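Trainee: Handing you this structure, nothing more for now.
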Amino acid sequence: MIDLELIRKRPDFVRERLRLRDEGLVKLVDEALELDQERRRVIREEEELRALRNKKSKEIGLLKRQGKDTKALEEDLKNIRVKVEKIHEERERLEEKLKRVLLSIPNLPHESVPYGEDERDNVEVRKFGEPKKGKVLPHWEIGEKLKILDFKGGSTLSGSRFTVVRGFGAKLERALINFMLDLHTSKGYEEVLPPHLVREEILIGTGQLPKFEEELYKVERDGLYLIPTAEVPLVNLFRGKTLKEEELTLKLTSYTPCYRREAGSYGKDVRGIIRQHQFNKVELVKITREEDSYKELESLVRDAEEVLKLLELPYRVVLLCSGDLGFSATKTYDIEVWFPSQNKYREVSSCSNCEDFQSRRINLKYRTSDGKKRFAHTLNGSGLAVGRTLASILENYQTKDGKVEVPKVLKEYMGGKTFVV
RNA sequence: GGAGAGGUGGCCGAGGGGUCGAAGGCGGCCGCUUGCUAAGCGGCAGAGGGGUAACCCCCCUCCGAGGGUUCGAAUCCCUCCCUCUCCGCCA
């Protein structure tokens, strides 16, 4: 949630920044301003009445103790109460409306974010490794051949976009998870194993709700949602907290499956395991002071890149343009790994600074040395999407005779196995 | 699933219709005292919102959440949520 005060004091700035994302967002600012003005008018009215009521009520208390008659005053106050109730209802209606508008306004792009409409305008910032050319089987073909990806099994059990990983494929995926977690924890990230089912307000806290309901799996009976990313539980772990400045930056890492309905992506990536309703991901989260968050974003990206470097997979880092930014982010780097069969880079990580956008929603603050409270900044990034990394290994480490070599750094996690055959 | 207990300020904990934003304790901050420390003494401190250019200040709201009763609710009534304990079941 962006700061209402900012909208009030610098509406043009907010409009201009939102326009970078989408022209259509500008009207939300005007809506918020109007509602806010109206709301404050009503608040003033209500509070005047309440002040009057409180004063007279106290009088009644005094008079009663002196044994005096208070009938007239009481009648008087009954009328005031009716008025207060009426105006209070109006105030609640307005506040509810305003809140809905505020919760649906995305975060403002950072000044360093290039303008653009969609992913075509993203800017490549650096590259690592040499993209492998020449013919390789797409990961779904080699995966089926080696009997490690069972698409039939997945659809039997759960339908489309579900896949069963078997045998050494399963072991390789587990190796990847362990490798990633070990790497990140060695750099000071605390490992966390959170619940995968969370309450509605938790998803509001990180920005998935109220806008993206259709992307989420919901367990109706218990009112719980399956997490679409570990970012959700990890960031919300700190909701309502006031942290000490000295304990920042907090760094967390977590392996969880992610559950996404992928509504509106019909026909995209229907083959293979690039786009699944359930996939494994190792996530990185940081909670920082406001003056550190951009520096920490850079190092977060480096920490995620490190995984690909050590796996010796060619990748590039891309700075997202304004139009491609996610809802809660001010600035995002995607890391894309090379897929030889598709002759292109595909996203395996998305690292974002959300500044105080989520902190406002979950009321996460820290106390500075001079005793002031400030909203903390939150950052998140994949480190990495495990399924896609596995798919990329199946292609980049494919041998001419149809085997897949185990990347060096994973060998110790694979019981010494060097090839998947 | 059954039975019970409970949710009050940073923490512990009292208060059971008006003078209660809330005793007391711990912790915090600022003084004073004091070889140092400790102790002691005195004082100051909640959050959100509205009014204001801003401050002082004034006002409103907040005792898990939401309703209700009342002139007036932390306190009485209803609903819900959460936590804990015991029993049962279960990996």
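Letters for chains follow the order of the structure tokens (A, B, ...), residue numbers begin at 1 for each chain, and ligand numbers begin at 1 in the order shown.
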What are the residues of chain A lining chain B at 8 Å or less? Count only C-alpha atoms (C1' of nucleotides), and put the answer as a PyMOL selection string.

Mentor: chain A and resi 40+43-44+47-48+50-51+54+57-58+60-61+73-75+77-78

Trainee: Quick check for you: according to DSSP on this backbone, which residues of region 211-334 of chain A are classed as strand (DSSP E or B)? Reply as a PyMOL selection string.

Mentor: chain A and resi 218-219+224-226+242-244+250-259+278-288+315-319+331-334

Trainee: Using N, CA and C atoms, can you export the residues from the last selection as a compact mmCIF listing (two decimals), in the first residue's frame?

Mentor:
# COMPACT_ATOMS: atom_id res chain seq x y z
N LYS A 218 -7.69 -21.96 -3.09
CA LYS A 218 -8.28 -21.68 -1.78
C LYS A 218 -8.91 -22.94 -1.21
N VAL A 219 -8.68 -23.16 0.07
CA VAL A 219 -9.37 -24.24 0.75
C VAL A 219 -10.59 -23.62 1.42
N LEU A 224 -8.58 -21.00 4.10
CA LEU A 224 -7.14 -20.86 3.94
C LEU A 224 -6.73 -20.94 2.47
N TYR A 225 -5.61 -20.31 2.15
CA TYR A 225 -5.09 -20.33 0.79
C TYR A 225 -3.76 -21.06 0.75
N LEU A 226 -3.51 -21.76 -0.37
CA LEU A 226 -2.19 -22.33 -0.60
C LEU A 226 -1.24 -21.21 -1.04
N THR A 242 7.85 -4.49 15.67
CA THR A 242 8.78 -3.39 15.62
C THR A 242 10.16 -3.95 15.91
N LEU A 243 11.01 -4.00 14.89
CA LEU A 243 12.31 -4.62 15.04
C LEU A 243 13.32 -3.59 15.55
N LYS A 244 14.41 -4.11 16.09
CA LYS A 244 15.49 -3.21 16.48
C LYS A 244 16.35 -2.95 15.25
N LEU A 250 17.67 -8.51 8.09
CA LEU A 250 17.33 -9.90 8.32
C LEU A 250 17.31 -10.63 6.99
N LYS A 251 17.89 -11.83 6.98
CA LYS A 251 17.95 -12.61 5.74
C LYS A 251 17.36 -13.99 5.99
N LEU A 252 16.40 -14.37 5.16
CA LEU A 252 15.74 -15.66 5.31
C LEU A 252 15.75 -16.43 4.01
N THR A 253 15.81 -17.74 4.12
CA THR A 253 15.66 -18.56 2.94
C THR A 253 14.74 -19.72 3.26
N SER A 254 14.03 -20.18 2.24
CA SER A 254 13.02 -21.18 2.51
C SER A 254 12.75 -22.01 1.28
N TYR A 255 12.66 -23.32 1.47
CA TYR A 255 12.19 -24.16 0.39
C TYR A 255 10.71 -24.43 0.61
N THR A 256 9.89 -24.17 -0.40
CA THR A 256 8.49 -24.59 -0.35
C THR A 256 8.02 -24.91 -1.77
N PRO A 257 7.01 -25.73 -1.87
CA PRO A 257 6.29 -25.79 -3.14
C PRO A 257 5.50 -24.49 -3.27
N CYS A 258 5.19 -24.12 -4.52
CA CYS A 258 4.38 -22.94 -4.78
C CYS A 258 3.17 -23.39 -5.59
N TYR A 259 2.01 -22.84 -5.23
CA TYR A 259 0.78 -23.29 -5.88
C TYR A 259 0.14 -22.13 -6.61
N GLN A 278 1.94 -26.54 -9.52
CA GLN A 278 2.72 -26.74 -8.30
C GLN A 278 4.18 -26.89 -8.68
N PHE A 279 5.03 -26.07 -8.09
CA PHE A 279 6.46 -26.22 -8.37
C PHE A 279 7.27 -25.87 -7.13
N ASN A 280 8.46 -26.41 -7.10
CA ASN A 280 9.33 -26.15 -5.94
C ASN A 280 10.14 -24.90 -6.16
N LYS A 281 10.34 -24.19 -5.08
CA LYS A 281 11.15 -22.97 -5.18
C LYS A 281 11.90 -22.76 -3.87
N VAL A 282 13.14 -22.30 -4.01
CA VAL A 282 13.87 -21.83 -2.83
C VAL A 282 13.82 -20.31 -2.89
N GLU A 283 13.34 -19.72 -1.82
CA GLU A 283 13.09 -18.28 -1.82
C GLU A 283 14.08 -17.56 -0.91
N LEU A 284 14.37 -16.32 -1.27
CA LEU A 284 15.20 -15.46 -0.42
C LEU A 284 14.37 -14.24 -0.02
N VAL A 285 14.46 -13.86 1.24
CA VAL A 285 13.74 -12.68 1.72
C VAL A 285 14.65 -11.85 2.60
N LYS A 286 14.57 -10.54 2.43
CA LYS A 286 15.33 -9.65 3.31
C LYS A 286 14.42 -8.58 3.90
N ILE A 287 14.67 -8.27 5.15
CA ILE A 287 14.01 -7.14 5.80
C ILE A 287 15.12 -6.14 6.11
N THR A 288 15.01 -4.91 5.58
CA THR A 288 16.12 -3.97 5.72
C THR A 288 15.67 -2.60 6.23
N TYR A 315 23.36 -17.74 -18.12
CA TYR A 315 22.18 -16.96 -17.75
C TYR A 315 22.42 -15.50 -18.06
N ARG A 316 21.35 -14.72 -17.94
CA ARG A 316 21.51 -13.28 -18.01
C ARG A 316 20.60 -12.63 -16.96
N VAL A 317 20.96 -11.41 -16.62
CA VAL A 317 20.16 -10.66 -15.66
C VAL A 317 19.48 -9.53 -16.39
N VAL A 318 18.20 -9.38 -16.12
CA VAL A 318 17.39 -8.41 -16.85
C VAL A 318 16.73 -7.45 -15.85
N LEU A 319 16.78 -6.17 -16.16
CA LEU A 319 16.08 -5.19 -15.34
C LEU A 319 14.70 -4.96 -15.93
N LYS A 331 11.18 -2.14 -7.98
CA LYS A 331 12.27 -2.44 -8.91
C LYS A 331 12.52 -3.94 -8.88
N THR A 332 12.68 -4.51 -10.05
CA THR A 332 12.84 -5.97 -10.12
C THR A 332 13.89 -6.36 -11.15
N TYR A 333 14.77 -7.28 -10.73
CA TYR A 333 15.67 -7.94 -11.68
C TYR A 333 15.17 -9.37 -11.87
N ASP A 334 15.06 -9.77 -13.11
CA ASP A 334 14.82 -11.19 -13.38
C ASP A 334 16.14 -11.83 -13.75

Trainee: Run DSSP on the backbone of this structure and report the residues of region 139-296 of chain A it assigns to alpha helix (DSSP H), as number ranges by chain.

Mentor: A: 139-145, 151-158, 167-186, 200-206, 231-236, 293-296

Trainee: When you count only C-alpha atoms (C1' of nucleotides), which of these residues is closest to A73 (chain B): B:G25, B:G40, B:G88, B:G17?

Mentor: B:G17

Trainee: Excluding region 31-35 of chain A and its own-chain neighbours fewer than 6 positions away, which residues fall within 9 Å of it when counting only C-alpha atoms (C1' of nucleotides)? Please give them as a PyMOL selection string.

Mentor: chain A and resi 4+7-8+11+94-95+97-99+101-102

Trainee: Can those selected residues be exported to a file as a PDB file, in the first residue's frame so that it contains C-alpha atoms?

Mentor:
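Heads up, here's the output in result-v3.pdb:
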ATOM      1  CA  LEU A   4      -2.043   8.029   1.656  1.00  0.00           C
ATOM      2  CA  ILE A   7      -0.998  10.813  -2.425  1.00  0.00           C
ATOM      3  CA  ARG A   8      -2.436  13.768  -0.563  1.00  0.00           C
ATOM      4  CA  PRO A  11      -0.591  13.673  -6.137  1.00  0.00           C
ATOM      5  CA  LEU A  94     -16.141   5.780   3.024  1.00  0.00           C
ATOM      6  CA  GLU A  95     -13.203   4.272   4.837  1.00  0.00           C
ATOM      7  CA  LYS A  97     -14.163   2.270  -0.052  1.00  0.00           C
ATOM      8  CA  LEU A  98     -10.945   4.194   0.351  1.00  0.00           C
ATOM      9  CA  LYS A  99      -9.170   1.148   1.689  1.00  0.00           C
ATOM     10  CA  VAL A 101      -8.911   1.696  -3.642  1.00  0.00           C
ATOM     11  CA  LEU A 102      -5.633   1.999  -1.752  1.00  0.00           C
TER      12      LEU A 102
END

Trainee: Taking only C-alpha atoms (C1' of nucleotides) into account, name the residue in B:G28, B:G9, B:G42, B:G4 that is nearest to C86 (chain B).

Mentor: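 Closest candidate: B:G4.
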
Trainee: So that I can check the surroundings of region 300-311 of chain A, please list as a PyMOL selection string every protein, DNA and RNA residue that reaches within 10 Å of it, counting only C-alpha atoms (C1' of nucleotides) and ignoring chain neighbours fewer than 4 positions away.

Mentor: chain A and resi 128-129+176+179-181+183-184+187+251+282-286+293-296+315-317+332-337+348-353+379-384+389+393+406-410
